[in-house]
Amino acid sequence: MDLINSLKIAAAGLRAQSSRMRVISENLANADSTARTINEEPYRRQITTFVSELDRNIGVNIVRPGRTVEDKSAFGSRYEPGHPAADDKGYVQTPNVNPLIETMDMRQAQRSYEANLNLITSTRRMLMRTIDILRA
């Protein structure tokens, strides 16, 4: 039944966006962290990828979370001469996480999640109406 398949597709979208929100949350949680020693790197921003995969049971492509990759952009720096990870000039490397970008990514993931949730709600309503018609 096509309505059941649409529920499966929307559920795949929910799982993908949930995974994306988890990675964004990790990025935000580590945005202010630094390395513990001078030889360590600070936290490196993670980026979620998505993969289109054929679901043979329903015969359509669905989205699923792919690999989580590291953002290779440069680290920031902050002047903290007393920090154990400070270089000889007193600068500490900071993560390459921009809270503004993470917030916007989170908002986009949230909207996509809500769209999939609305699709599930609408499909459920249509199924209930169909059952009501068949009962009459």
# chains A, B, ... in the order shown; residues from 1 in each chain; ligands from 1

call {"tool": "select_by_dssp", "arguments": {"residues": "chain A", "states": "strand (DSSP E or B)", "output": "list in words"}}
result
Gln46, Ile47, Thr48, Thr49, Phe50, Val51, Ser52, Glu53, Leu54, Asp55, Val60, Asn61, Ile62, Val63, Arg64, Pro65, Gly66, Arg67, Thr68, Val69, Glu70, Gly76, Ser77, Arg78, Tyr79, Tyr91, Val92, Gln93 and Thr94 of chain A

call {"tool": "closest_residue", "arguments": {"among": "A:Val63, A:Ile131, A:Ala85, A:Ile47", "to": "Ile24 in chain A", "atoms": "only C-alpha atoms"}}
result
A:Ile47

call {"tool": "residues_around", "arguments": {"residues": "range 97-102 of chain A", "least_positions_apart": "5", "cutoff": "7 Å", "atoms": "only C-alpha atoms", "output": "list in words"}}
result
Ile24, Asn27, Leu28, Ala31 and Arg45 of chain A

call {"tool": "atom_distance", "arguments": {"atom1": "CA of Gln46 in chain A", "atom2": "CA of Asp88 in chain A"}}
result
28.9 Å

call {"tool": "residues_around", "arguments": {"residues": "Arg56 in chain A", "least_positions_apart": "5", "cutoff": "12 Å", "atoms": "only C-alpha atoms", "output": "JSON, numbers by chain"}}
result
{"A": [5, 61, 62]}

call {"tool": "decode", "arguments": {"residues": "range 100-113 of chain A", "atoms": "all heavy atoms", "output": "mmCIF file, in the first residue's frame"}}
result
data_model
loop_
_atom_site.group_PDB
_atom_site.id
_atom_site.type_symbol
_atom_site.label_atom_id
_atom_site.label_comp_id
_atom_site.auth_asym_id
_atom_site.auth_seq_id
_atom_site.Cartn_x
_atom_site.Cartn_y
_atom_site.Cartn_z
ATOM 1 N N LEU A 100 27.265 29.931 15.246
ATOM 2 C CA LEU A 100 26.222 30.476 14.368
ATOM 3 C C LEU A 100 25.889 29.498 13.246
ATOM 4 O O LEU A 100 24.715 29.236 12.955
ATOM 5 C CB LEU A 100 26.661 31.827 13.796
ATOM 6 C CG LEU A 100 25.665 32.517 12.880
ATOM 7 C CD1 LEU A 100 24.370 32.820 13.627
ATOM 8 C CD2 LEU A 100 26.255 33.793 12.327
ATOM 9 N N ILE A 101 26.904 28.922 12.634
ATOM 10 C CA ILE A 101 26.686 27.944 11.557
ATOM 11 C C ILE A 101 25.987 26.706 12.114
ATOM 12 O O ILE A 101 25.052 26.175 11.507
ATOM 13 C CB ILE A 101 28.015 27.578 10.874
ATOM 14 C CG1 ILE A 101 28.524 28.770 10.078
ATOM 15 C CG2 ILE A 101 27.847 26.354 9.974
ATOM 16 C CD1 ILE A 101 29.894 28.593 9.483
ATOM 17 N N GLU A 102 26.422 26.258 13.280
ATOM 18 C CA GLU A 102 25.795 25.074 13.893
ATOM 19 C C GLU A 102 24.334 25.342 14.229
ATOM 20 O O GLU A 102 23.483 24.471 14.041
ATOM 21 C CB GLU A 102 26.563 24.648 15.150
ATOM 22 C CG GLU A 102 27.993 24.248 14.901
ATOM 23 C CD GLU A 102 28.175 23.143 13.887
ATOM 24 O OE1 GLU A 102 27.365 22.185 13.873
ATOM 25 O OE2 GLU A 102 29.126 23.212 13.095
ATOM 26 N N THR A 103 24.031 26.536 14.701
ATOM 27 C CA THR A 103 22.651 26.893 15.024
ATOM 28 C C THR A 103 21.789 26.896 13.767
ATOM 29 O O THR A 103 20.655 26.399 13.777
ATOM 30 C CB THR A 103 22.598 28.268 15.724
ATOM 31 O OG1 THR A 103 23.413 28.215 16.895
ATOM 32 C CG2 THR A 103 21.185 28.642 16.106
ATOM 33 N N MET A 104 22.323 27.421 12.680
ATOM 34 C CA MET A 104 21.567 27.434 11.424
ATOM 35 C C MET A 104 21.386 26.016 10.876
ATOM 36 O O MET A 104 20.316 25.673 10.369
ATOM 37 C CB MET A 104 22.254 28.330 10.390
ATOM 38 C CG MET A 104 22.360 29.793 10.795
ATOM 39 S SD MET A 104 20.866 30.536 11.473
ATOM 40 C CE MET A 104 19.728 30.398 10.149
ATOM 41 N N ASP A 105 22.424 25.193 10.982
ATOM 42 C CA ASP A 105 22.297 23.794 10.565
ATOM 43 C C ASP A 105 21.253 23.072 11.415
ATOM 44 O O ASP A 105 20.476 22.261 10.903
ATOM 45 C CB ASP A 105 23.647 23.070 10.675
ATOM 46 C CG ASP A 105 24.596 23.401 9.544
ATOM 47 O OD1 ASP A 105 24.172 24.048 8.566
ATOM 48 O OD2 ASP A 105 25.780 23.005 9.641
ATOM 49 N N MET A 106 21.246 23.351 12.707
ATOM 50 C CA MET A 106 20.272 22.723 13.599
ATOM 51 C C MET A 106 18.854 23.142 13.216
ATOM 52 O O MET A 106 17.932 22.325 13.199
ATOM 53 C CB MET A 106 20.553 23.089 15.058
ATOM 54 C CG MET A 106 19.597 22.481 16.055
ATOM 55 S SD MET A 106 19.685 20.687 16.187
ATOM 56 C CE MET A 106 21.043 20.534 17.332
ATOM 57 N N ARG A 107 18.676 24.404 12.894
ATOM 58 C CA ARG A 107 17.350 24.897 12.498
ATOM 59 C C ARG A 107 16.883 24.221 11.210
ATOM 60 O O ARG A 107 15.722 23.835 11.083
ATOM 61 C CB ARG A 107 17.399 26.425 12.330
ATOM 62 C CG ARG A 107 16.062 27.034 12.072
ATOM 63 C CD ARG A 107 15.180 26.917 13.296
ATOM 64 N NE ARG A 107 13.893 27.495 12.987
ATOM 65 C CZ ARG A 107 12.755 27.030 13.439
ATOM 66 N NH1 ARG A 107 12.734 26.030 14.259
ATOM 67 N NH2 ARG A 107 11.634 27.591 13.106
ATOM 68 N N GLN A 108 17.799 24.059 10.261
ATOM 69 C CA GLN A 108 17.457 23.396 9.002
ATOM 70 C C GLN A 108 17.100 21.928 9.254
ATOM 71 O O GLN A 108 16.123 21.419 8.701
ATOM 72 C CB GLN A 108 18.625 23.497 8.023
ATOM 73 C CG GLN A 108 18.332 22.936 6.666
ATOM 74 C CD GLN A 108 19.521 23.009 5.749
ATOM 75 O OE1 GLN A 108 20.667 23.050 6.191
ATOM 76 N NE2 GLN A 108 19.265 23.041 4.452
ATOM 77 N N ALA A 109 17.856 21.251 10.096
ATOM 78 C CA ALA A 109 17.556 19.859 10.425
ATOM 79 C C ALA A 109 16.211 19.759 11.141
ATOM 80 O O ALA A 109 15.429 18.837 10.882
ATOM 81 C CB ALA A 109 18.670 19.275 11.293
ATOM 82 N N GLN A 110 15.945 20.712 12.019
ATOM 83 C CA GLN A 110 14.679 20.723 12.752
ATOM 84 C C GLN A 110 13.499 20.881 11.797
ATOM 85 O O GLN A 110 12.487 20.190 11.913
ATOM 86 C CB GLN A 110 14.683 21.846 13.781
ATOM 87 C CG GLN A 110 13.418 21.953 14.582
ATOM 88 C CD GLN A 110 13.432 23.164 15.519
ATOM 89 O OE1 GLN A 110 14.353 23.962 15.510
ATOM 90 N NE2 GLN A 110 12.403 23.286 16.315
ATOM 91 N N ARG A 111 13.629 21.776 10.838
ATOM 92 C CA ARG A 111 12.532 21.983 9.876
ATOM 93 C C ARG A 111 12.309 20.753 9.008
ATOM 94 O O ARG A 111 11.173 20.393 8.704
ATOM 95 C CB ARG A 111 12.807 23.214 9.022
ATOM 96 C CG ARG A 111 12.613 24.478 9.800
ATOM 97 C CD ARG A 111 12.755 25.692 8.948
ATOM 98 N NE ARG A 111 12.551 26.867 9.782
ATOM 99 C CZ ARG A 111 12.385 28.061 9.319
ATOM 100 N NH1 ARG A 111 12.405 28.280 8.021
ATOM 101 N NH2 ARG A 111 12.195 29.080 10.129
ATOM 102 N N SER A 112 13.381 20.125 8.603
ATOM 103 C CA SER A 112 13.254 18.907 7.811
ATOM 104 C C SER A 112 12.607 17.796 8.642
ATOM 105 O O SER A 112 11.758 17.042 8.155
ATOM 106 C CB SER A 112 14.625 18.470 7.298
ATOM 107 O OG SER A 112 14.512 17.335 6.493
ATOM 108 N N TYR A 113 13.002 17.702 9.901
ATOM 109 C CA TYR A 113 12.412 16.718 10.810
ATOM 110 C C TYR A 113 10.912 16.977 10.948
ATOM 111 O O TYR A 113 10.100 16.056 10.873
ATOM 112 C CB TYR A 113 13.106 16.795 12.170
ATOM 113 C CG TYR A 113 12.721 15.703 13.129
ATOM 114 C CD1 TYR A 113 13.464 14.535 13.216
ATOM 115 C CD2 TYR A 113 11.606 15.826 13.955
ATOM 116 C CE1 TYR A 113 13.121 13.524 14.098
ATOM 117 C CE2 TYR A 113 11.250 14.822 14.836
ATOM 118 C CZ TYR A 113 12.012 13.675 14.901
ATOM 119 O OH TYR A 113 11.663 12.672 15.768
#
